[in-house]
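**Student:** my_file_18.pdb is the file, holding PDB, C-alpha atoms, pLDDT in the B column:
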```pdb
ATOM      1  CA  MET A   1      74.785 -20.618  -1.313  1.00 48.00           C
ATOM      2  CA  ALA A   2      71.468 -22.167  -2.281  1.00 46.00           C
ATOM      3  CA  VAL A   3      69.013 -20.080  -4.204  1.00 44.00           C
ATOM      4  CA  PRO A   4      65.583 -20.080  -2.569  1.00 44.00           C
ATOM      5  CA  LEU A   5      63.033 -21.935  -4.605  1.00 45.00           C
ATOM      6  CA  THR A   6      60.210 -19.628  -5.654  1.00 43.00           C
ATOM      7  CA  MET A   7      56.840 -21.188  -6.142  1.00 46.00           C
ATOM      8  CA  ALA A   8      53.751 -19.792  -7.753  1.00 46.00           C
ATOM      9  CA  PRO A   9      50.716 -19.584  -5.538  1.00 46.00           C
ATOM     10  CA  PRO A  10      48.389 -22.543  -5.787  1.00 46.00           C
ATOM     11  CA  ARG A  11      46.046 -22.505  -8.720  1.00 47.00           C
ATOM     12  CA  VAL A  12      42.566 -21.300  -7.916  1.00 44.00           C
ATOM     13  CA  GLU A  13      39.791 -22.297 -10.220  1.00 45.00           C
ATOM     14  CA  ALA A  14      37.393 -19.450 -10.815  1.00 40.00           C
ATOM     15  CA  LYS A  15      33.811 -20.390 -10.218  1.00 41.00           C
ATOM     16  CA  GLU A  16      31.517 -19.693 -13.074  1.00 42.00           C
ATOM     17  CA  GLU A  17      29.168 -16.932 -12.009  1.00 41.00           C
ATOM     18  CA  PRO A  18      25.568 -17.155 -13.092  1.00 40.00           C
ATOM     19  CA  ALA A  19      24.609 -14.590 -15.667  1.00 40.00           C
ATOM     20  CA  ALA A  20      23.076 -11.457 -14.225  1.00 39.00           C
ATOM     21  CA  ALA A  21      19.324 -11.646 -14.377  1.00 38.00           C
ATOM     22  CA  ALA A  22      17.540  -9.115 -16.483  1.00 39.00           C
ATOM     23  CA  PRO A  23      15.259  -6.800 -14.543  1.00 41.00           C
ATOM     24  CA  SER A  24      11.987  -8.528 -13.891  1.00 40.00           C
ATOM     25  CA  PRO A  25       9.177  -7.422 -16.112  1.00 49.00           C
ATOM     26  CA  GLY A  26       6.799  -5.092 -14.371  1.00 56.00           C
ATOM     27  CA  ILE A  27       6.202  -1.440 -14.131  1.00 62.00           C
ATOM     28  CA  SER A  28       8.820   1.050 -15.200  1.00 81.00           C
ATOM     29  CA  ALA A  29      10.421   3.520 -12.826  1.00 86.00           C
ATOM     30  CA  ALA A  30       8.163   6.284 -14.156  1.00 85.00           C
ATOM     31  CA  ALA A  31       5.089   4.110 -13.637  1.00 83.00           C
ATOM     32  CA  ALA A  32       6.280   3.211 -10.126  1.00 86.00           C
ATOM     33  CA  ARG A  33       6.649   6.908  -9.266  1.00 90.00           C
ATOM     34  CA  ALA A  34       3.220   7.649 -10.730  1.00 89.00           C
ATOM     35  CA  GLN A  35       1.688   4.803  -8.726  1.00 88.00           C
ATOM     36  CA  ALA A  36       3.339   5.974  -5.489  1.00 90.00           C
ATOM     37  CA  ALA A  37       2.062   9.527  -6.046  1.00 93.00           C
ATOM     38  CA  TRP A  38      -1.413   8.180  -6.797  1.00 92.00           C
ATOM     39  CA  GLU A  39      -1.463   6.055  -3.633  1.00 90.00           C
ATOM     40  CA  LYS A  40      -0.438   9.095  -1.586  1.00 93.00           C
ATOM     41  CA  ALA A  41      -3.237  11.093  -3.218  1.00 94.00           C
ATOM     42  CA  LEU A  42      -5.696   8.279  -2.379  1.00 94.00           C
ATOM     43  CA  VAL A  43      -4.813   8.381   1.318  1.00 92.00           C
ATOM     44  CA  SER A  44      -5.066  12.174   1.384  1.00 94.00           C
ATOM     45  CA  HIS A  45      -8.420  12.045  -0.416  1.00 96.00           C
ATOM     46  CA  LEU A  46      -9.808   9.431   1.992  1.00 95.00           C
ATOM     47  CA  ASN A  47      -8.710  11.440   5.021  1.00 93.00           C
ATOM     48  CA  ARG A  48     -10.851  14.359   3.859  1.00 96.00           C
ATOM     49  CA  PHE A  49     -13.935  12.125   4.106  1.00 96.00           C
ATOM     50  CA  LYS A  50     -13.105  10.487   7.420  1.00 94.00           C
ATOM     51  CA  ARG A  51     -15.366  11.285  10.371  1.00 94.00           C
ATOM     52  CA  TYR A  52     -14.806  10.172  13.911  1.00 93.00           C
ATOM     53  CA  PRO A  53     -18.047   8.525  15.094  1.00 94.00           C
ATOM     54  CA  ASP A  54     -19.476  10.194  18.209  1.00 93.00           C
ATOM     55  CA  LEU A  55     -20.038   6.840  19.903  1.00 93.00           C
ATOM     56  CA  ALA A  56     -16.431   5.787  19.298  1.00 92.00           C
ATOM     57  CA  ARG A  57     -15.203   9.149  20.593  1.00 91.00           C
ATOM     58  CA  ALA A  58     -17.391   8.861  23.702  1.00 91.00           C
ATOM     59  CA  ARG A  59     -15.931   5.402  24.358  1.00 91.00           C
ATOM     60  CA  SER A  60     -12.398   6.635  23.559  1.00 91.00           C
ATOM     61  CA  ASN A  61     -12.112   3.972  20.836  1.00 90.00           C
ATOM     62  CA  GLN A  62      -8.909   4.414  18.850  1.00 92.00           C
ATOM     63  CA  SER A  63      -7.699   1.881  16.353  1.00 94.00           C
ATOM     64  CA  ASP A  64      -6.899   1.051  12.753  1.00 95.00           C
ATOM     65  CA  VAL A  65      -9.245  -0.711  10.371  1.00 96.00           C
ATOM     66  CA  ALA A  66      -7.564  -2.546   7.496  1.00 97.00           C
ATOM     67  CA  VAL A  67      -9.773  -2.275   4.432  1.00 97.00           C
ATOM     68  CA  GLU A  68      -9.552  -3.862   1.012  1.00 97.00           C
ATOM     69  CA  PHE A  69     -11.345  -2.252  -1.878  1.00 96.00           C
ATOM     70  CA  THR A  70     -11.580  -2.325  -5.641  1.00 96.00           C
ATOM     71  CA  ILE A  71     -11.915   0.718  -7.870  1.00 96.00           C
ATOM     72  CA  ASP A  72     -12.286   0.997 -11.609  1.00 96.00           C
ATOM     73  CA  ARG A  73     -10.257   3.093 -14.045  1.00 95.00           C
ATOM     74  CA  MET A  74     -12.469   6.126 -13.280  1.00 96.00           C
ATOM     75  CA  GLY A  75     -11.911   5.828  -9.509  1.00 95.00           C
ATOM     76  CA  THR A  76     -15.407   4.527  -8.768  1.00 97.00           C
ATOM     77  CA  LEU A  77     -15.636   2.185  -5.798  1.00 97.00           C
ATOM     78  CA  VAL A  78     -16.616  -1.281  -7.046  1.00 97.00           C
ATOM     79  CA  ALA A  79     -16.314  -3.321  -3.825  1.00 97.00           C
ATOM     80  CA  SER A  80     -15.025  -2.944  -0.275  1.00 97.00           C
ATOM     81  CA  ARG A  81     -14.598  -5.033   2.853  1.00 98.00           C
ATOM     82  CA  VAL A  82     -12.926  -4.966   6.242  1.00 98.00           C
ATOM     83  CA  MET A  83      -9.821  -7.166   6.146  1.00 97.00           C
ATOM     84  CA  GLN A  84      -8.860  -6.668   9.772  1.00 97.00           C
ATOM     85  CA  SER A  85     -11.324  -5.331  12.286  1.00 97.00           C
ATOM     86  CA  SER A  86     -10.464  -2.635  14.775  1.00 95.00           C
ATOM     87  CA  GLY A  87     -12.459  -4.501  17.407  1.00 94.00           C
ATOM     88  CA  SER A  88     -15.087  -1.770  17.258  1.00 94.00           C
ATOM     89  CA  SER A  89     -18.017  -2.298  14.914  1.00 95.00           C
ATOM     90  CA  VAL A  90     -18.588   1.477  14.949  1.00 95.00           C
ATOM     91  CA  LEU A  91     -15.070   2.154  13.596  1.00 97.00           C
ATOM     92  CA  ASP A  92     -15.277  -0.739  11.122  1.00 97.00           C
ATOM     93  CA  GLU A  93     -18.552   0.608   9.715  1.00 97.00           C
ATOM     94  CA  GLU A  94     -17.107   4.122   9.509  1.00 96.00           C
ATOM     95  CA  ALA A  95     -14.076   2.864   7.571  1.00 97.00           C
ATOM     96  CA  LEU A  96     -16.378   1.390   4.923  1.00 98.00           C
ATOM     97  CA  ALA A  97     -18.518   4.551   4.965  1.00 97.00           C
ATOM     98  CA  VAL A  98     -15.399   6.644   4.299  1.00 97.00           C
ATOM     99  CA  LEU A  99     -14.818   4.682   1.098  1.00 97.00           C
ATOM    100  CA  GLN A 100     -18.433   5.213   0.009  1.00 97.00           C
ATOM    101  CA  ARG A 101     -18.379   8.960   0.730  1.00 97.00           C
ATOM    102  CA  ALA A 102     -15.010   9.408  -0.980  1.00 97.00           C
ATOM    103  CA  SER A 103     -16.080   7.691  -4.204  1.00 96.00           C
ATOM    104  CA  PRO A 104     -15.091   8.482  -6.845  1.00 97.00           C
ATOM    105  CA  LEU A 105     -11.516   8.310  -5.641  1.00 97.00           C
ATOM    106  CA  PRO A 106      -8.565   9.757  -7.555  1.00 96.00           C
ATOM    107  CA  ALA A 107      -8.310   7.828 -10.808  1.00 94.00           C
ATOM    108  CA  PRO A 108      -5.227   5.698 -11.388  1.00 92.00           C
ATOM    109  CA  PRO A 109      -2.541   7.274 -13.577  1.00 91.00           C
ATOM    110  CA  ALA A 110      -2.388   6.260 -17.220  1.00 89.00           C
ATOM    111  CA  GLN A 111       1.055   4.679 -16.659  1.00 85.00           C
ATOM    112  CA  VAL A 112      -0.512   2.056 -14.382  1.00 83.00           C
ATOM    113  CA  SER A 113      -2.149  -0.655 -16.438  1.00 84.00           C
ATOM    114  CA  GLY A 114      -5.378  -2.400 -15.617  1.00 89.00           C
ATOM    115  CA  THR A 115      -9.119  -1.839 -15.646  1.00 94.00           C
ATOM    116  CA  THR A 116      -9.765  -2.491 -11.943  1.00 95.00           C
ATOM    117  CA  PHE A 117      -7.445  -2.018  -8.997  1.00 92.00           C
ATOM    118  CA  ASP A 118      -7.444  -3.941  -5.723  1.00 94.00           C
ATOM    119  CA  LEU A 119      -6.060  -1.867  -2.893  1.00 94.00           C
ATOM    120  CA  LYS A 120      -5.435  -2.524   0.787  1.00 94.00           C
ATOM    121  CA  LEU A 121      -4.743   0.086   3.416  1.00 92.00           C
ATOM    122  CA  PRO A 122      -5.337   0.918   7.045  1.00 94.00           C
ATOM    123  CA  ILE A 123      -7.731   3.667   8.007  1.00 94.00           C
ATOM    124  CA  GLN A 124      -6.551   5.133  11.288  1.00 94.00           C
ATOM    125  CA  PHE A 125      -8.839   6.508  13.938  1.00 93.00           C
ATOM    126  CA  ARG A 126      -7.075   8.590  16.582  1.00 91.00           C
ATOM    127  CA  ILE A 127      -8.619  10.998  19.069  1.00 86.00           C
ATOM    128  CA  ARG A 128      -6.761  14.308  19.123  1.00 80.00           C
TER     129      ARG A 128
END
```
Render the structure in this file as structure tokens.

**Tutor:**
Amino acid sequence: MAVPLTMAPPRVEAKEEPAAAAPSPGISAAAARAQAAWEKALVSHLNRFKRYPDLARARSNQSDVAVEFTIDRMGTLVASRVMQSSGSSVLDEEALAVLQRASPLPAPPAQVSGTTFDLKLPIQFRIR
């Protein structure tokens, strides 16, 4: 009786894995949480100063206006512009007016570095 020949499985060369990358430098988890809370506070603050223009309401204009603005460490509005128009000059003008009326905005948290802050967000106009 012949003894079955046992063979080892074929040799597999392990591929050399690249070294795990260190976390990219940036803001810490605590700073990220502080920034997220600050951004939420900014939106809430801006909404308190938003007014629906009578002319836009009469025309049933509803849309979003994407604005870009810069504030300083104290929350003072330094610059603002419409990035993406709503298609209604009345709503676009009101979006910029909201920023003016709301200034100073909530100041950035100490964990977030910088002296000025460029922000972009939509201001929504909806008739209720």

**Student:** Which of these residues is nearest to Gly87 of chain A, using only C-alpha atoms: A:Ser63, A:Thr116, A:Thr70, A:Gln100?

**Tutor:**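 Nearest to Gly87 of chain A: A:Ser63.
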
**Student:** Name the residues that the PyMOL selection byres ((chain A and resi 110) around 10) picks from the file above, as a compact mmCIF listing (two decimals) with C-alpha atoms, keeping the file's coordinate frame, using the file's chain letters and numbers.

**Tutor:**
```txt
# COMPACT_ATOMS: atom_id res chain seq x y z
CA ALA A 31 5.09 4.11 -13.64
CA ALA A 34 3.22 7.65 -10.73
CA GLN A 35 1.69 4.80 -8.73
CA ARG A 73 -10.26 3.09 -14.04
CA ALA A 107 -8.31 7.83 -10.81
CA PRO A 108 -5.23 5.70 -11.39
CA PRO A 109 -2.54 7.27 -13.58
CA GLN A 111 1.06 4.68 -16.66
CA VAL A 112 -0.51 2.06 -14.38
CA SER A 113 -2.15 -0.66 -16.44
CA GLY A 114 -5.38 -2.40 -15.62
```

**Student:** Using all atoms listed in the file, which residue out of A:Val78, A:Ala102, A:Val67, A:Val90 lies closest to Ile123 of chain A?

**Tutor:**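 The shortest atom-to-atom distance to Ile123 of chain A comes from A:Val67.
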
**Student:** Name the residues captured by the PyMOL selection byres ((chain A and resi 41-52) around 12) when it is applied to the shown file; answer as a ChimeraX atom specification.

**Tutor:** /A:34-40,53-63,67,69,71,75,90-109,119-128

**Student:** Grab the residues selected above and save them as a PDB file, in the frame of the given file with C-alpha atoms.

**Tutor:**
```pdb
ATOM      1  CA  ALA A  34       3.220   7.649 -10.730  1.00 89.00           C
ATOM      2  CA  GLN A  35       1.688   4.803  -8.726  1.00 88.00           C
ATOM      3  CA  ALA A  36       3.339   5.974  -5.489  1.00 90.00           C
ATOM      4  CA  ALA A  37       2.062   9.527  -6.046  1.00 93.00           C
ATOM      5  CA  TRP A  38      -1.413   8.180  -6.797  1.00 92.00           C
ATOM      6  CA  GLU A  39      -1.463   6.055  -3.633  1.00 90.00           C
ATOM      7  CA  LYS A  40      -0.438   9.095  -1.586  1.00 93.00           C
ATOM      8  CA  PRO A  53     -18.047   8.525  15.094  1.00 94.00           C
ATOM      9  CA  ASP A  54     -19.476  10.194  18.209  1.00 93.00           C
ATOM     10  CA  LEU A  55     -20.038   6.840  19.903  1.00 93.00           C
ATOM     11  CA  ALA A  56     -16.431   5.787  19.298  1.00 92.00           C
ATOM     12  CA  ARG A  57     -15.203   9.149  20.593  1.00 91.00           C
ATOM     13  CA  ALA A  58     -17.391   8.861  23.702  1.00 91.00           C
ATOM     14  CA  ARG A  59     -15.931   5.402  24.358  1.00 91.00           C
ATOM     15  CA  SER A  60     -12.398   6.635  23.559  1.00 91.00           C
ATOM     16  CA  ASN A  61     -12.112   3.972  20.836  1.00 90.00           C
ATOM     17  CA  GLN A  62      -8.909   4.414  18.850  1.00 92.00           C
ATOM     18  CA  SER A  63      -7.699   1.881  16.353  1.00 94.00           C
ATOM     19  CA  VAL A  67      -9.773  -2.275   4.432  1.00 97.00           C
ATOM     20  CA  PHE A  69     -11.345  -2.252  -1.878  1.00 96.00           C
ATOM     21  CA  ILE A  71     -11.915   0.718  -7.870  1.00 96.00           C
ATOM     22  CA  GLY A  75     -11.911   5.828  -9.509  1.00 95.00           C
ATOM     23  CA  VAL A  90     -18.588   1.477  14.949  1.00 95.00           C
ATOM     24  CA  LEU A  91     -15.070   2.154  13.596  1.00 97.00           C
ATOM     25  CA  ASP A  92     -15.277  -0.739  11.122  1.00 97.00           C
ATOM     26  CA  GLU A  93     -18.552   0.608   9.715  1.00 97.00           C
ATOM     27  CA  GLU A  94     -17.107   4.122   9.509  1.00 96.00           C
ATOM     28  CA  ALA A  95     -14.076   2.864   7.571  1.00 97.00           C
ATOM     29  CA  LEU A  96     -16.378   1.390   4.923  1.00 98.00           C
ATOM     30  CA  ALA A  97     -18.518   4.551   4.965  1.00 97.00           C
ATOM     31  CA  VAL A  98     -15.399   6.644   4.299  1.00 97.00           C
ATOM     32  CA  LEU A  99     -14.818   4.682   1.098  1.00 97.00           C
ATOM     33  CA  GLN A 100     -18.433   5.213   0.009  1.00 97.00           C
ATOM     34  CA  ARG A 101     -18.379   8.960   0.730  1.00 97.00           C
ATOM     35  CA  ALA A 102     -15.010   9.408  -0.980  1.00 97.00           C
ATOM     36  CA  SER A 103     -16.080   7.691  -4.204  1.00 96.00           C
ATOM     37  CA  PRO A 104     -15.091   8.482  -6.845  1.00 97.00           C
ATOM     38  CA  LEU A 105     -11.516   8.310  -5.641  1.00 97.00           C
ATOM     39  CA  PRO A 106      -8.565   9.757  -7.555  1.00 96.00           C
ATOM     40  CA  ALA A 107      -8.310   7.828 -10.808  1.00 94.00           C
ATOM     41  CA  PRO A 108      -5.227   5.698 -11.388  1.00 92.00           C
ATOM     42  CA  PRO A 109      -2.541   7.274 -13.577  1.00 91.00           C
ATOM     43  CA  LEU A 119      -6.060  -1.867  -2.893  1.00 94.00           C
ATOM     44  CA  LYS A 120      -5.435  -2.524   0.787  1.00 94.00           C
ATOM     45  CA  LEU A 121      -4.743   0.086   3.416  1.00 92.00           C
ATOM     46  CA  PRO A 122      -5.337   0.918   7.045  1.00 94.00           C
ATOM     47  CA  ILE A 123      -7.731   3.667   8.007  1.00 94.00           C
ATOM     48  CA  GLN A 124      -6.551   5.133  11.288  1.00 94.00           C
ATOM     49  CA  PHE A 125      -8.839   6.508  13.938  1.00 93.00           C
ATOM     50  CA  ARG A 126      -7.075   8.590  16.582  1.00 91.00           C
ATOM     51  CA  ILE A 127      -8.619  10.998  19.069  1.00 86.00           C
ATOM     52  CA  ARG A 128      -6.761  14.308  19.123  1.00 80.00           C
TER      53      ARG A 128
END
```

**Student:** Separation of atom CA of Ser28 of chain A and atom CA of Leu77 of chain A, in Å?

**Tutor:** 26.2 Å

**Student:** If I take atom CA of Phe117 of chain A and atom CA of Arg81 of chain A, how far is one from the other in Å, to one decimal?

**Tutor:**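 Pair atom CA of Phe117 of chain A / atom CA of Arg81 of chain A returns 14.2 Å.
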
**Student:** Which polymer residues have any atom within 8 Å of an atom of Met83 of chain A, counting all atoms listed in the file, with same-chain residues fewer than 3 positions away left out, as a list in words?

**Tutor:**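 So, after excluding close chain neighbours, the residues are Val65, Ala66, Val67 and Glu68 of chain A.
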
**Student:** Put those residues in a file: C-alpha atoms, as a PDB file, keeping the file's coordinate frame.

**Tutor:**
```
ATOM      1  CA  VAL A  65      -9.245  -0.711  10.371  1.00 96.00           C
ATOM      2  CA  ALA A  66      -7.564  -2.546   7.496  1.00 97.00           C
ATOM      3  CA  VAL A  67      -9.773  -2.275   4.432  1.00 97.00           C
ATOM      4  CA  GLU A  68      -9.552  -3.862   1.012  1.00 97.00           C
TER       5      GLU A  68
END
```
